[in-house]
Amino acid sequence: MTTANAPEDIFRVSPDDAEYLQMLREEEVFWDTHIDTPLSKTPRPAVQRYRNERYTGDPEKLWYQTIGDEGEFTNGCVFGAGPGKVEEELLGRHPRLHLTIFDISGDALSRLQTRLDSKYPGRAETRQQDLNFIDLPTETYDLLLANASLHHLVNLEHLAFQISHSLTPEGRFFMEDVVGESYFQFADEKKRIFQMFMDATQDSSAPQFKIAWPSRGDWTYSPFESVRSGDVLEVFERYLQPLRIRTSGALLVPTLFVRNDGAGGRLARAIRALKSRLIGRRQNIRQGVSRGELLFLLDSVMCDSGRLVPGQAFGIYGKRGG
């Protein structure tokens with residue numbers, strides 16, 4: 001039964017959907033030969049510090065290091081088997097915490113189970129499960145966590161519904177994920193602004209740069225890469241109570257698609273050229289500004305003003321009515 005304050009459980013695909021099952025098989029094949037994607041790679045230190053400051057207010061504090069600031073947790077659920085850093089941080093910070101970790105990849109779960117058992121035996125268990133069809137117990141977990149897993153899901157509403165009814169009244173759901181336009185199909189305005197930025201800062205001595213915008217007709221990523229990333233924030237705001245949402249990447253994510261010719265890359269030269277021009281025009285920009293800070297500034301302005309869709313986000317949610 002549903003009410004006006006409790007959105008209904010919605011499935012965009014069913015477990016026997018032929019198109020979905022074909023995509024699922026192709027996804028498995030893709031990850032047999034790929035280690036990561038442009039968005040899953042560890043960012044450069046300057047980018048990581050910028051993102052940290054956007055998310056936590058501290059350039060040296062990662063998003064998941066804020067979880068302990070919300071109190072103590074005892075029963076946690078993690079969606080997606082990552083490399084283990086987040087899980088180790090949580091188990092180390094919360095000595096009474098037990099984690100249940102879900103992922104569709106048995107190999108990924110096995111690697112993570114071995115890693116956690118060696119350091120925190122008996123405090124974590126892994127379960128192989130397609131998150132598109134997960135079924136969670138009612139009001140069981142005081143901590144739920146999604147680390148870069150939501151943007152690969154089709155049944156976002158179903159997962160949000162499950163998280164909502166599985167959270168304890170005082171529980172918290174934390175997510176850090178890709179939230180930009182689905183399938184990297186950037187809005188025309190974002191492309192135009194980014195192109196203008198690149199054109200205006202192009203080093204005249206360098207060859208013309210090229211932006212290889214992702215095309216659905218020539219898709220080189222996994223079938224579920226950013227399949228519904230553009231819906232993530234709207235869906236989870238509808239099913240849960242947003243407590244804190246921090247965004248980044250409105251202009252940083254498009255830099256992943258600029259062709260690089262080495263020697264620092266055209267983007268780096270463009271930023272240096274922009275810095276030179278702005279320093280000459282505005283006295284309040286200090287001479288020692290790093291070449292990346294100007295792009296970070298533009299990224300922040302675009303995210304905070306709402307002019308462009310952000311590329312990534314960190315969110316903390318509570319149970320509605322909790």
# chains A, B, ... in the order shown; residues from 1 in each chain; ligands from 1
>>> select_by_dssp(residues="segment 38-277 of chain A", states="strand (DSSP E)", output="JSON, numbers by chain")
{"A": [75, 76, 77, 78, 79, 98, 99, 100, 101, 102, 103, 124, 125, 126, 127, 128, 141, 142, 143, 144, 145, 146, 147, 167, 168, 169, 170, 171, 172, 173, 174, 175, 176, 177, 178, 241, 242, 243, 244, 245, 246, 247, 248]}
>>> closest_residue(among="A:Ile163, A:Leu144, A:Val309, A:Asn132", to="Glu181 of chain A", atoms="only C-alpha atoms")
A:Val309
>>> closest_atom_pairs(of="segment 65-123 of chain A", to="segment 43-56 of chain A", cutoff="12 Å", atoms="only C-alpha atoms", output="CSV")
residue,atom,partner,partner_atom,distance
A:Gln65,CA,A:Thr56,CA,8.8
A:Thr66,CA,A:Thr56,CA,7.2
A:Ile67,CA,A:Thr56,CA,10.5
A:Asp69,CA,A:Thr56,CA,10.9
>>> atom_distance(atom1="atom CA of Arg307 of chain A", atom2="atom CA of Ala212 of chain A")
22.5 Å
>>> residues_around(residues="Gly76 of chain A", least_positions_apart="4", cutoff="9 Å", atoms="only C-alpha atoms", output="PyMOL selection string")
chain A and resi 97-101+140-145
>>> write_last_selection(atoms="C-alpha atoms", output="PDB file, in the first residue's frame")
ATOM      1  CA  LEU A  97      29.634  -2.000  13.064  1.00  0.00           C
ATOM      2  CA  HIS A  98      28.796  -5.032  10.941  1.00  0.00           C
ATOM      3  CA  LEU A  99      28.568  -4.640   7.154  1.00  0.00           C
ATOM      4  CA  THR A 100      26.569  -6.534   4.546  1.00  0.00           C
ATOM      5  CA  ILE A 101      27.946  -5.848   1.052  1.00  0.00           C
ATOM      6  CA  THR A 140      17.042  -2.961   9.739  1.00  0.00           C
ATOM      7  CA  TYR A 141      20.039  -0.836   8.751  1.00  0.00           C
ATOM      8  CA  ASP A 142      21.139   2.351  10.487  1.00  0.00           C
ATOM      9  CA  LEU A 143      23.730   2.929   7.752  1.00  0.00           C
ATOM     10  CA  LEU A 144      23.396   2.397   4.001  1.00  0.00           C
ATOM     11  CA  LEU A 145      26.057   3.361   1.515  1.00  0.00           C
TER      12      LEU A 145
END
>>> closest_residue(among="A:Ile193, A:Cys303, A:Val178, A:Leu24", to="Ile104 of chain A", atoms="only C-alpha atoms")
A:Leu24
>>> atom_distance(atom1="atom CA of Leu298 of chain A", atom2="atom CA of Val227 of chain A")
26.7 Å
>>> closest_residue(among="A:Phe296, A:Phe236, A:Phe186, A:Phe173", to="Val78 of chain A", atoms="only C-alpha atoms")
A:Phe173
>>> closest_residue(among="A:Gly82, A:Thr247, A:His158, A:Gly92", to="Ser40 of chain A", atoms="only C-alpha atoms")
A:Gly82
>>> select_by_dssp(residues="segment 134-225 of chain A", states="helix (DSSP H, G or I)", output="mmCIF file with N, CA and C atoms, in the first residue's frame")
data_model
loop_
_atom_site.group_PDB
_atom_site.id
_atom_site.type_symbol
_atom_site.label_atom_id
_atom_site.label_comp_id
_atom_site.auth_asym_id
_atom_site.auth_seq_id
_atom_site.Cartn_x
_atom_site.Cartn_y
_atom_site.Cartn_z
ATOM 1 N N LEU A 150 25.260 3.700 -8.184
ATOM 2 C CA LEU A 150 23.910 4.069 -8.605
ATOM 3 C C LEU A 150 23.819 4.358 -10.097
ATOM 4 N N HIS A 151 24.872 4.933 -10.675
ATOM 5 C CA HIS A 151 24.782 5.349 -12.080
ATOM 6 C C HIS A 151 24.823 4.174 -13.050
ATOM 7 N N HIS A 152 24.960 2.957 -12.528
ATOM 8 C CA HIS A 152 24.902 1.766 -13.379
ATOM 9 C C HIS A 152 23.545 1.058 -13.276
ATOM 10 N N LEU A 156 16.303 2.540 -10.487
ATOM 11 C CA LEU A 156 16.669 3.466 -9.406
ATOM 12 C C LEU A 156 15.535 3.627 -8.394
ATOM 13 N N GLU A 157 14.306 3.724 -8.896
ATOM 14 C CA GLU A 157 13.169 3.908 -7.990
ATOM 15 C C GLU A 157 13.027 2.722 -7.039
ATOM 16 N N HIS A 158 13.236 1.527 -7.565
ATOM 17 C CA HIS A 158 13.122 0.336 -6.713
ATOM 18 C C HIS A 158 14.177 0.349 -5.619
ATOM 19 N N LEU A 159 15.410 0.667 -5.960
ATOM 20 C CA LEU A 159 16.452 0.707 -4.935
ATOM 21 C C LEU A 159 16.159 1.795 -3.915
ATOM 22 N N ALA A 160 15.736 2.974 -4.369
ATOM 23 C CA ALA A 160 15.412 4.056 -3.436
ATOM 24 C C ALA A 160 14.270 3.634 -2.503
ATOM 25 N N PHE A 161 13.289 2.936 -3.048
ATOM 26 C CA PHE A 161 12.179 2.425 -2.241
ATOM 27 C C PHE A 161 12.681 1.452 -1.193
ATOM 28 N N GLN A 162 13.568 0.544 -1.597
ATOM 29 C CA GLN A 162 14.121 -0.440 -0.673
ATOM 30 C C GLN A 162 14.946 0.228 0.428
ATOM 31 N N ILE A 163 15.749 1.205 0.056
ATOM 32 C CA ILE A 163 16.560 1.918 1.049
ATOM 33 C C ILE A 163 15.655 2.632 2.045
ATOM 34 N N SER A 164 14.606 3.267 1.543
ATOM 35 C CA SER A 164 13.699 4.015 2.412
ATOM 36 C C SER A 164 13.073 3.128 3.481
ATOM 37 N N HIS A 165 12.568 1.968 3.090
ATOM 38 C CA HIS A 165 11.891 1.136 4.095
ATOM 39 C C HIS A 165 12.872 0.298 4.901
ATOM 40 N N SER A 166 14.138 0.194 4.453
ATOM 41 C CA SER A 166 15.119 -0.584 5.205
ATOM 42 C C SER A 166 15.879 0.258 6.222
ATOM 43 N N SER A 182 22.663 11.509 -18.412
ATOM 44 C CA SER A 182 22.747 10.067 -18.652
ATOM 45 C C SER A 182 23.510 9.773 -19.940
ATOM 46 N N TYR A 183 24.306 8.717 -19.892
ATOM 47 C CA TYR A 183 25.131 8.288 -21.021
ATOM 48 C C TYR A 183 26.073 9.392 -21.513
ATOM 49 N N PHE A 184 26.441 10.347 -20.630
ATOM 50 C CA PHE A 184 27.337 11.448 -21.006
ATOM 51 C C PHE A 184 26.785 12.274 -22.165
ATOM 52 N N ASP A 188 23.304 20.807 -24.712
ATOM 53 C CA ASP A 188 23.943 21.676 -25.698
ATOM 54 C C ASP A 188 24.604 22.881 -25.036
ATOM 55 N N GLU A 189 23.979 23.430 -24.004
ATOM 56 C CA GLU A 189 24.562 24.597 -23.348
ATOM 57 C C GLU A 189 25.880 24.243 -22.671
ATOM 58 N N LYS A 190 25.945 23.072 -22.058
ATOM 59 C CA LYS A 190 27.198 22.669 -21.425
ATOM 60 C C LYS A 190 28.297 22.520 -22.478
ATOM 61 N N LYS A 191 27.970 21.889 -23.593
ATOM 62 C CA LYS A 191 28.949 21.751 -24.660
ATOM 63 C C LYS A 191 29.402 23.113 -25.167
ATOM 64 N N ARG A 192 28.444 24.030 -25.330
ATOM 65 C CA ARG A 192 28.773 25.352 -25.850
ATOM 66 C C ARG A 192 29.684 26.119 -24.900
ATOM 67 N N ILE A 193 29.353 26.099 -23.602
ATOM 68 C CA ILE A 193 30.167 26.823 -22.621
ATOM 69 C C ILE A 193 31.564 26.222 -22.532
ATOM 70 N N PHE A 194 31.635 24.901 -22.532
ATOM 71 C CA PHE A 194 32.945 24.266 -22.457
ATOM 72 C C PHE A 194 33.759 24.550 -23.713
ATOM 73 N N GLN A 195 33.102 24.502 -24.861
ATOM 74 C CA GLN A 195 33.794 24.800 -26.119
ATOM 75 C C GLN A 195 34.290 26.252 -26.125
ATOM 76 N N MET A 196 33.469 27.173 -25.628
ATOM 77 C CA MET A 196 33.866 28.578 -25.562
ATOM 78 C C MET A 196 35.073 28.759 -24.656
ATOM 79 N N PHE A 197 35.068 28.045 -23.533
ATOM 80 C CA PHE A 197 36.199 28.104 -22.610
ATOM 81 C C PHE A 197 37.469 27.620 -23.289
ATOM 82 N N MET A 198 37.373 26.513 -23.984
ATOM 83 C CA MET A 198 38.543 25.967 -24.661
ATOM 84 C C MET A 198 39.019 26.882 -25.775
ATOM 85 N N ASP A 199 38.074 27.429 -26.555
ATOM 86 C CA ASP A 199 38.447 28.320 -27.649
ATOM 87 C C ASP A 199 39.112 29.590 -27.129
ATOM 88 N N ALA A 200 38.555 30.144 -26.047
ATOM 89 C CA ALA A 200 39.055 31.413 -25.527
ATOM 90 C C ALA A 200 40.432 31.281 -24.908
ATOM 91 N N ARG A 216 26.098 7.871 -28.665
ATOM 92 C CA ARG A 216 25.366 6.629 -28.437
ATOM 93 C C ARG A 216 25.482 5.707 -29.648
ATOM 94 N N GLY A 217 25.794 6.299 -30.814
ATOM 95 C CA GLY A 217 25.950 5.483 -32.006
ATOM 96 C C GLY A 217 27.296 4.796 -32.088
ATOM 97 N N ASP A 218 28.238 5.227 -31.258
ATOM 98 C CA ASP A 218 29.578 4.628 -31.235
ATOM 99 C C ASP A 218 30.030 4.526 -29.781
#
>>> closest_residue(among="A:Ala108, A:Leu233, A:Met175, A:Ile245", to="Gln128 of chain A", atoms="only C-alpha atoms")
A:Ala108
>>> closest_residue(among="A:Pro95, A:Pro254, A:Pro121, A:Pro15", to="Lys210 of chain A", atoms="only C-alpha atoms")
A:Pro254
>>> residues_around(residues="Arg96 of chain A", least_positions_apart="5", cutoff="10 Å", atoms="only C-alpha atoms", output="PDB file with C-alpha atoms, in the first residue's frame")
ATOM      1  CA  GLU A  72      27.856   5.698  15.694  1.00  0.00           C
ATOM      2  CA  PHE A  73      26.506   2.906  13.513  1.00  0.00           C
ATOM      3  CA  THR A  74      26.083  -0.802  14.206  1.00  0.00           C
ATOM      4  CA  ASN A  75      24.354  -2.414  11.213  1.00  0.00           C
ATOM      5  CA  LEU A  91      34.907  -0.778  10.235  1.00  0.00           C
ATOM      6  CA  ARG A 123      32.453  -8.132  10.792  1.00  0.00           C
TER       7      ARG A 123
END
>>> atom_distance(atom1="atom CA of Asp107 of chain A", atom2="atom CA of Ala81 of chain A")
9.7 Å
>>> residues_around(residues="Arg25 of chain A", least_positions_apart="6", cutoff="12 Å", atoms="only C-alpha atoms", output="PDB file with C-alpha atoms, in the first residue's frame")
ATOM      1  CA  ALA A  18      15.194  -9.638 -22.933  1.00  0.00           C
ATOM      2  CA  GLU A  19      16.899  -6.322 -23.704  1.00  0.00           C
ATOM      3  CA  TRP A  31      34.376  -5.856 -17.336  1.00  0.00           C
ATOM      4  CA  ASP A  32      36.269  -9.033 -18.205  1.00  0.00           C
ATOM      5  CA  ILE A 104      26.524  -8.554  -8.899  1.00  0.00           C
ATOM      6  CA  SER A 222      29.935  -0.554 -20.623  1.00  0.00           C
ATOM      7  CA  PRO A 223      26.216  -0.937 -21.489  1.00  0.00           C
ATOM      8  CA  PHE A 224      25.130   0.355 -18.083  1.00  0.00           C
TER       9      PHE A 224
END
